[in-house]
$ cat final05.txt   # compact mmCIF, C-alpha atoms (C1' of nucleotides)
# COMPACT_ATOMS: atom_id res chain seq x y z
CA MET A 742 33.15 29.57 -17.56
CA ASN A 743 31.80 31.47 -20.55
CA PRO A 744 29.46 30.04 -23.20
CA GLU A 745 32.24 29.58 -25.76
CA GLU A 746 34.29 27.43 -23.42
CA ILE A 747 31.27 25.29 -22.70
CA VAL A 748 30.54 24.88 -26.40
CA GLN A 749 34.16 23.89 -27.00
CA MET A 750 33.93 21.37 -24.22
CA MET A 751 30.81 19.88 -25.76
CA SER A 752 32.38 19.81 -29.18
CA ARG A 753 35.51 18.12 -27.87
CA GLN A 754 33.31 15.37 -26.51
CA GLY A 755 31.84 14.75 -29.94
CA MET A 756 28.57 16.60 -29.54
CA ARG A 757 27.32 18.45 -32.59
CA ILE A 758 26.82 22.11 -31.95
CA THR A 759 23.32 23.17 -32.78
CA ASP A 760 21.73 26.52 -32.10
CA GLN A 761 19.83 25.06 -29.21
CA ARG A 762 22.96 23.67 -27.65
CA LYS A 763 24.68 27.03 -27.97
CA THR A 764 21.73 28.56 -26.18
CA LEU A 765 21.92 25.86 -23.52
CA ALA A 766 25.56 26.71 -22.98
CA THR A 767 24.73 30.40 -22.61
CA LEU A 768 21.91 29.59 -20.23
CA PHE A 769 24.06 27.55 -17.92
CA ALA A 770 26.95 29.99 -18.14
CA ARG A 771 24.65 32.73 -16.89
CA ALA A 772 22.68 30.71 -14.35
CA LYS A 773 23.39 31.55 -10.75
CA GLY A 774 21.92 28.43 -9.20
CA TYR A 775 20.55 25.09 -10.22
CA MET A 776 17.90 24.66 -12.91
CA THR A 777 15.20 22.05 -13.22
CA PRO A 778 14.44 20.58 -16.65
CA LYS A 779 11.30 22.71 -16.54
CA ASP A 780 13.29 25.89 -15.87
CA VAL A 781 15.51 25.10 -18.82
CA TYR A 782 12.56 24.36 -21.06
CA GLU A 783 10.82 27.59 -20.15
CA GLN A 784 13.94 29.68 -20.68
CA MET A 785 14.60 28.06 -24.04
CA LEU A 786 11.00 28.49 -25.11
CA HIS A 787 11.55 32.24 -25.35
CA THR A 788 13.92 31.62 -28.24
CA TYR A 789 12.56 28.40 -29.73
CA SER A 790 8.81 28.44 -29.77
CA GLY A 791 8.54 24.96 -31.23
CA LEU A 792 10.83 23.45 -28.62
CA SER A 793 9.95 20.05 -27.26
CA PHE A 794 10.51 18.80 -23.78
CA ASP A 795 12.16 15.56 -24.82
CA THR A 796 14.96 17.47 -26.54
CA VAL A 797 15.64 19.33 -23.34
CA TYR A 798 15.75 16.08 -21.38
CA ARG A 799 17.97 14.46 -23.98
CA ASN A 800 20.42 17.32 -23.97
CA LEU A 801 20.52 17.57 -20.21
CA ARG A 802 21.19 13.87 -19.94
CA ILE A 803 23.91 13.94 -22.59
CA MET A 804 25.55 17.01 -21.09
CA HIS A 805 25.51 15.29 -17.74
CA GLU A 806 27.04 12.12 -19.18
CA MET A 807 29.71 14.20 -20.88
CA GLY A 808 30.58 15.82 -17.58
CA VAL A 809 29.52 19.28 -18.73
CA LEU A 810 26.65 19.45 -16.27
CA GLU A 811 26.31 18.31 -12.72
CA GLN A 812 23.11 16.75 -11.47
CA PHE A 813 21.82 17.22 -7.98
CA VAL A 814 18.92 15.41 -6.36
CA PHE A 815 17.02 17.90 -4.24
CA GLU A 816 13.99 16.93 -2.17
CA ASP A 817 11.80 18.52 -4.80
CA GLY A 818 13.43 16.93 -7.81
CA ILE A 819 16.51 16.80 -9.98
CA LYS A 820 18.32 20.00 -10.88
CA PHE A 821 21.31 20.85 -13.05
CA ARG A 822 24.17 23.29 -13.10
CA LEU A 823 27.55 23.56 -14.77
CA HIS A 824 29.98 20.94 -13.57
CA CYS A 825 32.12 22.31 -10.86
CA GLN A 826 35.54 23.52 -12.00
CA GLU A 827 37.38 22.90 -8.72
CA ASN A 828 40.03 20.29 -9.18
CA ASP A 829 40.56 19.15 -5.64
CA HIS A 830 38.10 17.22 -3.57
CA HIS A 831 35.70 19.62 -1.96
CA HIS A 832 32.14 20.09 -0.73
CA HIS A 833 29.39 22.59 -1.30
CA VAL A 834 27.69 25.31 0.60
CA ILE A 835 24.37 26.08 -1.03
CA CYS A 836 22.22 29.17 -0.60
CA LEU A 837 18.59 28.20 -0.13
CA SER A 838 17.46 31.48 -1.59
CA CYS A 839 19.51 32.01 -4.77
CA GLU A 840 20.91 28.46 -4.99
CA GLN A 841 24.36 29.84 -5.61
CA THR A 842 26.93 27.29 -4.49
CA TYR A 843 30.30 27.88 -2.87
CA PRO A 844 33.08 25.32 -2.61
CA VAL A 845 34.52 24.36 0.77
CA VAL A 846 37.79 22.49 0.85
CA PHE A 847 37.22 21.07 4.32
CA CYS A 848 36.33 17.38 4.19
CA PRO A 849 34.92 15.65 7.26
CA MET A 850 36.09 12.23 6.10
CA GLU A 851 39.64 13.11 6.96
CA GLN A 852 38.91 13.04 10.63
CA ILE A 853 35.69 11.18 11.19
CA PRO A 854 35.73 9.11 14.35
CA GLY A 855 33.18 6.46 15.28
CA LEU A 856 32.72 4.59 12.02
CA PRO A 857 31.29 1.14 12.74
CA GLU A 858 33.98 -1.49 13.07
CA GLY A 859 34.86 -3.05 9.77
CA PHE A 860 32.93 -0.50 7.70
CA ARG A 861 34.66 0.47 4.48
CA PRO A 862 33.53 3.91 3.27
CA VAL A 863 33.47 4.38 -0.49
CA LYS A 864 31.76 7.72 -0.88
CA HIS A 865 30.20 10.47 1.14
CA LYS A 866 28.06 13.54 0.94
CA PHE A 867 28.55 16.71 2.87
CA GLU A 868 26.47 19.73 2.05
CA VAL A 869 25.67 22.85 3.96
CA PHE A 870 22.50 24.81 3.29
CA GLY A 871 21.76 28.30 4.45
CA TYR A 872 21.62 31.90 3.30
CA CYS A 873 24.41 33.79 1.65
CA LYS A 874 25.46 37.30 2.56
CA LYS A 875 23.81 38.88 -0.45
CA CYS A 876 20.45 37.21 0.09
CA ARG A 877 20.49 38.02 3.78
CA GLU A 878 21.18 41.66 3.05
CA GLU A 879 18.44 41.81 0.46
CA GLU A 880 16.08 40.16 2.91
CA ALA A 881 17.04 42.65 5.63
CA ALA A 882 16.57 45.61 3.29
CA GLN A 883 12.91 44.85 2.68
CA MET B 492 11.42 -0.71 18.04
CA ASN B 493 8.88 -3.49 17.90
CA PRO B 494 5.61 -3.39 15.93
CA GLU B 495 3.50 -2.72 19.03
CA GLU B 496 5.48 0.37 19.93
CA ILE B 497 5.09 1.67 16.39
CA VAL B 498 1.36 1.04 16.45
CA GLN B 499 1.11 2.87 19.77
CA MET B 500 3.02 5.77 18.32
CA MET B 501 0.67 5.93 15.35
CA SER B 502 -2.36 5.69 17.60
CA ARG B 503 -1.08 8.45 19.86
CA GLN B 504 -0.86 10.68 16.80
CA GLY B 505 -4.52 10.09 16.07
CA MET B 506 -4.18 7.53 13.30
CA ARG B 507 -6.75 4.77 13.25
CA ILE B 508 -5.24 1.36 13.51
CA THR B 509 -6.30 -0.82 10.63
CA ASP B 510 -5.00 -4.28 9.80
CA GLN B 511 -2.94 -2.83 6.99
CA ARG B 512 -1.34 -0.30 9.26
CA LYS B 513 -0.47 -3.00 11.77
CA THR B 514 1.18 -4.89 8.96
CA LEU B 515 3.02 -1.75 7.87
CA ALA B 516 4.33 -1.37 11.41
CA THR B 517 5.53 -4.97 11.42
CA LEU B 518 7.12 -4.54 8.02
CA PHE B 519 9.12 -1.49 9.04
CA ALA B 520 10.04 -2.99 12.41
CA ARG B 521 11.61 -5.94 10.62
CA ALA B 522 13.16 -4.08 7.70
CA LYS B 523 16.91 -3.85 7.76
CA GLY B 524 17.33 -1.06 5.26
CA TYR B 525 15.22 1.43 3.38
CA MET B 526 12.12 0.51 1.40
CA THR B 527 10.69 2.09 -1.71
CA PRO B 528 6.92 2.50 -1.99
CA LYS B 529 7.08 -0.36 -4.47
CA ASP B 530 8.92 -2.62 -2.01
CA VAL B 531 6.26 -1.88 0.58
CA TYR B 532 3.47 -2.50 -1.88
CA GLU B 533 4.92 -5.84 -2.94
CA GLN B 534 5.47 -7.00 0.62
CA MET B 535 1.94 -6.04 1.60
CA LEU B 536 0.48 -7.70 -1.46
CA HIS B 537 1.36 -11.11 0.04
CA THR B 538 -1.18 -10.46 2.77
CA TYR B 539 -3.67 -8.17 1.05
CA SER B 540 -4.32 -9.32 -2.46
CA GLY B 541 -6.70 -6.44 -3.22
CA LEU B 542 -4.25 -3.80 -2.02
CA SER B 543 -4.01 -0.60 -3.99
CA PHE B 544 -0.95 1.49 -4.52
CA ASP B 545 -2.54 4.75 -3.53
CA THR B 546 -3.22 3.41 -0.03
CA VAL B 547 0.44 2.56 0.34
CA TYR B 548 1.43 6.04 -0.79
CA ARG B 549 -1.12 7.63 1.51
CA ASN B 550 0.06 5.69 4.51
CA LEU B 551 3.71 6.30 3.83
CA ARG B 552 3.05 10.00 3.50
CA ILE B 553 0.99 10.14 6.69
CA MET B 554 3.51 8.09 8.65
CA HIS B 555 6.22 10.41 7.42
CA GLU B 556 4.24 13.49 8.43
CA MET B 557 3.61 11.95 11.85
CA GLY B 558 7.30 11.40 12.33
CA VAL B 559 6.98 7.61 12.41
CA LEU B 560 8.92 7.18 9.20
CA GLU B 561 11.93 8.90 7.80
CA GLN B 562 12.21 9.70 4.12
CA PHE B 563 15.44 9.63 2.22
CA VAL B 564 16.04 10.85 -1.32
CA PHE B 565 18.39 8.42 -3.02
CA GLU B 566 19.59 8.91 -6.58
CA ASP B 567 17.16 6.24 -7.69
CA GLY B 568 14.15 7.52 -5.82
CA ILE B 569 12.58 8.09 -2.43
CA LYS B 570 12.87 5.42 0.22
CA PHE B 571 11.51 5.02 3.75
CA ARG B 572 12.57 3.53 7.04
CA LEU B 573 11.59 3.91 10.69
CA HIS B 574 12.40 7.30 12.08
CA CYS B 575 15.69 7.21 13.85
CA GLN B 576 15.46 6.81 17.62
CA GLU B 577 18.71 8.58 18.49
CA ASN B 578 17.98 11.65 20.51
CA ASP B 579 21.10 13.66 19.95
CA HIS B 580 22.14 15.24 16.70
CA HIS B 581 23.95 12.68 14.60
CA HIS B 582 24.66 11.53 11.07
CA HIS B 583 24.39 8.29 9.17
CA VAL B 584 26.67 5.69 7.75
CA ILE B 585 24.80 3.66 5.16
CA CYS B 586 25.71 0.28 3.74
CA LEU B 587 25.32 0.26 -0.03
CA SER B 588 24.66 -3.45 -0.01
CA CYS B 589 22.14 -4.10 2.79
CA GLU B 590 21.15 -0.43 3.34
CA GLN B 591 21.52 -0.90 7.07
CA THR B 592 22.30 2.47 8.65
CA TYR B 593 24.53 3.25 11.61
CA PRO B 594 24.52 6.48 13.58
CA VAL B 595 27.67 8.57 13.94
CA VAL B 596 27.78 11.25 16.59
CA PHE B 597 30.55 13.22 14.90
CA CYS B 598 29.23 16.37 13.26
CA PRO B 599 31.41 18.28 10.80
CA MET B 600 29.53 21.53 11.39
CA GLU B 601 31.18 21.93 14.77
CA GLN B 602 34.50 22.60 13.20
CA ILE B 603 33.97 23.56 9.59
CA PRO B 604 36.38 26.23 8.40
CA GLY B 605 36.08 28.19 5.21
CA LEU B 606 32.40 29.04 5.08
CA PRO B 607 31.88 32.03 2.77
CA GLU B 608 31.88 35.29 4.64
CA GLY B 609 28.44 36.22 5.91
CA PHE B 610 26.91 32.83 5.11
CA ARG B 611 24.43 31.67 7.72
CA PRO B 612 24.07 27.89 7.71
CA VAL B 613 20.65 26.58 8.63
CA LYS B 614 20.95 22.90 7.87
CA HIS B 615 23.38 20.36 6.59
CA LYS B 616 23.72 16.84 5.32
CA PHE B 617 26.53 14.48 6.05
CA GLU B 618 26.26 10.87 4.98
CA VAL B 619 28.82 8.18 4.49
CA PHE B 620 28.21 5.31 2.10
CA GLY B 621 30.18 2.12 1.91
CA TYR B 622 30.07 -1.54 2.89
CA CYS B 623 29.50 -2.89 6.38
CA LYS B 624 31.53 -5.65 7.95
CA LYS B 625 28.85 -8.28 7.47
CA CYS B 626 28.34 -7.56 3.78
CA ARG B 627 32.08 -7.46 3.15
CA GLU B 628 32.51 -10.82 4.81
CA GLU B 629 29.65 -12.33 2.84
CA GLU B 630 31.13 -10.91 -0.32
CA ALA B 631 34.55 -12.34 0.53
CA ALA B 632 33.08 -15.75 1.31
CA GLN B 633 31.73 -16.21 -2.19
C1' DT C 916 -22.82 7.01 14.69
C1' DT C 917 -19.15 9.85 13.12
C1' DG C 918 -15.40 10.48 10.73
C1' DT C 919 -11.33 8.08 8.86
C1' DT C 920 -9.52 4.63 5.66
C1' DT C 921 -9.78 1.90 1.68
C1' DG C 922 -10.11 0.47 -3.36
C1' DC C 923 -11.24 1.98 -7.65
C1' DA C 924 -10.78 4.83 -11.47
C1' DA C 925 -8.90 8.55 -13.37
C1' DA C 926 -5.93 12.45 -13.43
C1' DT C 927 -1.43 14.59 -13.14
C1' DA C 928 3.53 15.03 -13.37
C1' DC C 929 7.78 13.61 -14.99
C1' DT C 930 10.68 11.22 -18.18
C1' DT C 931 11.77 8.13 -22.07
C1' DT C 932 11.34 6.00 -26.73
C1' DG C 933 10.50 5.25 -31.92
C1' DC C 934 10.39 7.36 -35.99
C1' DA C 935 10.62 10.61 -39.94
C1' DT C 936 12.58 15.01 -41.05
C1' DA C 937 16.14 18.57 -40.57
C1' DC C 938 20.63 19.78 -39.82
C1' DT C 939 25.97 19.51 -38.52
C1' DA C 940 30.37 18.23 -39.80
C1' DT D 365 27.02 12.47 -47.77
C1' DA D 366 26.84 10.09 -43.31
C1' DG D 367 25.25 10.21 -39.21
C1' DT D 368 23.45 13.06 -35.28
C1' DA D 369 19.74 16.16 -33.46
C1' DT D 370 15.10 17.57 -33.43
C1' DG D 371 9.89 17.55 -33.01
C1' DC D 372 6.06 14.82 -32.72
C1' DA D 373 3.35 11.35 -30.84
C1' DA D 374 2.96 7.94 -27.75
C1' DA D 375 4.33 5.08 -24.04
C1' DG D 376 6.18 4.34 -19.44
C1' DT D 377 6.74 5.34 -14.55
C1' DA D 378 5.67 7.53 -10.27
C1' DT D 379 2.43 9.81 -7.56
C1' DT D 380 -2.00 12.15 -6.38
C1' DT D 381 -7.05 12.99 -6.16
C1' DG D 382 -12.32 12.38 -5.91
C1' DC D 383 -15.65 9.43 -4.57
C1' DA D 384 -18.54 5.68 -2.61
C1' DA D 385 -18.28 1.76 0.33
C1' DA D 386 -16.05 -0.37 4.41
C1' DC D 387 -14.37 0.11 8.82
C1' DA D 388 -12.31 1.97 13.58
C1' DA D 389 -13.36 4.39 17.58
$ encode --input "final05.txt" --output "structure tokens"
Amino acid sequence: MNPEEIVQMMSRQGMRITDQRKTLATLFARAKGYMTPKDVYEQMLHTYSGLSFDTVYRNLRIMHEMGVLEQFVFEDGIKFRLHCQENDHHHHVICLSCEQTYPVVFCPMEQIPGLPEGFRPVKHKFEVFGYCKKCREEEAAQ
Amino acid sequence: MNPEEIVQMMSRQGMRITDQRKTLATLFARAKGYMTPKDVYEQMLHTYSGLSFDTVYRNLRIMHEMGVLEQFVFEDGIKFRLHCQENDHHHHVICLSCEQTYPVVFCPMEQIPGLPEGFRPVKHKFEVFGYCKKCREEEAAQ
DNA sequence: TTGTTTGCAAATACTTTGCATACTA
DNA sequence: TAGTATGCAAAGTATTTGCAAACAA
């Protein structure tokens, strides 16, 4: 998705489009992996020297509520990225080096045996972490 | 696992066995689900009125490092429970109501298709959330 | 007796809130 | 113009650290 599409999406949801929010859109459009609130703040600070942290938090929260961003709880804290554009149910493969994510359509719930008797599943998580081709090649080249 | 076994395990790892740590062992032996540091603090406060939060944090961290406890990042924060005693690789089914967990031997990695070309997986997460038989029955009985 | 554990106090990190001003629509 | 967004200051929550006294081995 390009920045304009993101801005449109935000606008459609009733958000007012400020310069900062345009920059946020550009930032997330360009981002390869996930970003922490701190990452976002630091990136934005280049352009807006008077930027405050609470505005970043507010916008991240709103953009998450609007479904523009996706929030992911890593061991080391919460991170954000653009909301996944895949329509069908899918899972993610995440590179531990560049944090790029790849969708996988395979879903283990379709064939899971051995659920406890009487257990009614309502949601599940399946994520694979590792190293993508590009990062492995770069690593090997050093 | 009973409290004595947990205490032995801690002792074997070189931890000194204080009254508080014995109580911690008892607490986790009895706990059905996961506990937040706050839960633990509040439980312990019944017995130790002068208890401080930092001691709870310290002990939880140490017991996690020693492999006595298991740490789980939920959306609403970090929680702890006894480290799983299953030997073989397995995954967890977690009840959203009582937080009781059940092991499942099935592992989706054994048959996952569609990994991006050249991606080398190093770890994965697979967790199923829902409601266990007991909680569903209790819910229905109301 | 030695070295670990504890409580206290304070520091740090992260996130949220109230309010006046600035800006979008 | 009406109402939202921003920066500032401050508060709230979660977690960590340094230190002296208490305690386990």
$ residues_around --input "final05.txt" --residues "DA388 of chain D" --least-positions-apart "2" --cutoff "8 Å" --atoms "only C-alpha atoms (C1' of nucleotides)" --output "PyMOL selection string"
(chain B and resi 507-509) or (chain C and resi 919)
$ residues_around --input "final05.txt" --residues "segment 563-567 of chain B" --least-positions-apart "4" --cutoff "7 Å" --atoms "all atoms listed in the file" --output "PyMOL selection string"
(chain A and resi 814+816) or (chain B and resi 571)
$ write_last_selection --input "final05.txt" --atoms "C-alpha atoms" --output "mmCIF file, keeping the file's coordinate frame"
data_model
loop_
_atom_site.group_PDB
_atom_site.id
_atom_site.type_symbol
_atom_site.label_atom_id
_atom_site.label_comp_id
_atom_site.auth_asym_id
_atom_site.auth_seq_id
_atom_site.Cartn_x
_atom_site.Cartn_y
_atom_site.Cartn_z
ATOM 1 C CA VAL A 814 18.920 15.410 -6.360
ATOM 2 C CA GLU A 816 13.990 16.930 -2.170
ATOM 3 C CA PHE B 571 11.510 5.020 3.750
#
$ interface_residues --input "final05.txt" --of "chain B" --to "chain A" --cutoff "12 Å" --atoms "all atoms listed in the file" --output "count of residues only"
55
$ residues_around --input "final05.txt" --residues "segment 366-372 of chain D" --least-positions-apart "6" --cutoff "12 Å" --atoms "all atoms listed in the file" --output "list in words"
Gly755, Met756, Arg757, Ile758, Thr759, Asp760, Gln761, Arg762, Tyr789, Ser790, Gly791, Leu792, Ser793, Phe794, Asp795, Thr796, Val797, Arg799, Asn800 and Ile803 of chain A; DT932, DG933, DC934, DA935, DT936, DA937, DC938, DT939 and DA940 of chain C
$ atom_distance --input "final05.txt" --atom1 "atom CA of Lys529 of chain B" --atom2 "atom CA of Arg572 of chain B"
13.3 Å
$ residues_around --input "final05.txt" --residues "Val531 of chain B" --least-positions-apart "2" --cutoff "10 Å" --atoms "all atoms listed in the file" --output "PyMOL selection string"
chain B and resi 515+518-519+525-529+533-536+544+547-548+551+570-571
$ atom_distance --input "final05.txt" --atom1 "atom CA of Tyr532 of chain B" --atom2 "atom C1' of DA384 of chain D"
23.5 Å
$ closest_atom_pairs --input "final05.txt" --of "chain D" --to "chain B" --cutoff "9 Å" --atoms "all atoms listed in the file" --output "CSV"
residue,atom,partner,partner_atom,distance
D:DT379,C1',B:Tyr548,CA,7.8
D:DT380,C1',B:Asp545,CA,7.9
D:DC387,C1',B:Thr509,CA,8.3
D:DA388,C1',B:Arg507,CA,6.2
D:DA389,C1',B:Arg507,CA,7.9
$ closest_atom_pairs --input "final05.txt" --of "chain C" --to "chain B" --cutoff "12 Å" --atoms "only C-alpha atoms (C1' of nucleotides)" --output "Markdown table"
| residue | atom | partner | partner_atom | distance |
| --- | --- | --- | --- | --- |
| C:DG918 | C1' | B:Arg507 | CA | 10.7 |
| C:DT919 | C1' | B:Arg507 | CA | 7.2 |
| C:DT920 | C1' | B:Thr509 | CA | 8.0 |
| C:DT921 | C1' | B:Thr546 | CA | 6.9 |
| C:DG922 | C1' | B:Ser543 | CA | 6.2 |
| C:DC923 | C1' | B:Ser543 | CA | 8.5 |
| C:DA924 | C1' | B:Asp545 | CA | 11.4 |
$ write_last_selection --input "final05.txt" --atoms "C-alpha atoms (C1' of nucleotides)" --output "mmCIF file, in the coordinates of the input"
data_model
loop_
_atom_site.group_PDB
_atom_site.id
_atom_site.type_symbol
_atom_site.label_atom_id
_atom_site.label_comp_id
_atom_site.auth_asym_id
_atom_site.auth_seq_id
_atom_site.Cartn_x
_atom_site.Cartn_y
_atom_site.Cartn_z
ATOM 1 C "C1'" DG C 918 -15.400 10.480 10.730
ATOM 2 C "C1'" DT C 919 -11.330 8.080 8.860
ATOM 3 C "C1'" DT C 920 -9.520 4.630 5.660
ATOM 4 C "C1'" DT C 921 -9.780 1.900 1.680
ATOM 5 C "C1'" DG C 922 -10.110 0.470 -3.360
ATOM 6 C "C1'" DC C 923 -11.240 1.980 -7.650
ATOM 7 C "C1'" DA C 924 -10.780 4.830 -11.470
#
$ atom_distance --input "final05.txt" --atom1 "atom CA of Val498 of chain B" --atom2 "atom CA of Gly524 of chain B"
19.6 Å
$ axis_aligned_box --input "final05.txt" --around "segment 377-385 of chain D" --padding-each-side "8 Å" --output "JSON"
{"center_x": -5.9, "center_y": 7.4, "center_z": -7.1, "size_x": 41.3, "size_y": 27.2, "size_z": 30.9}
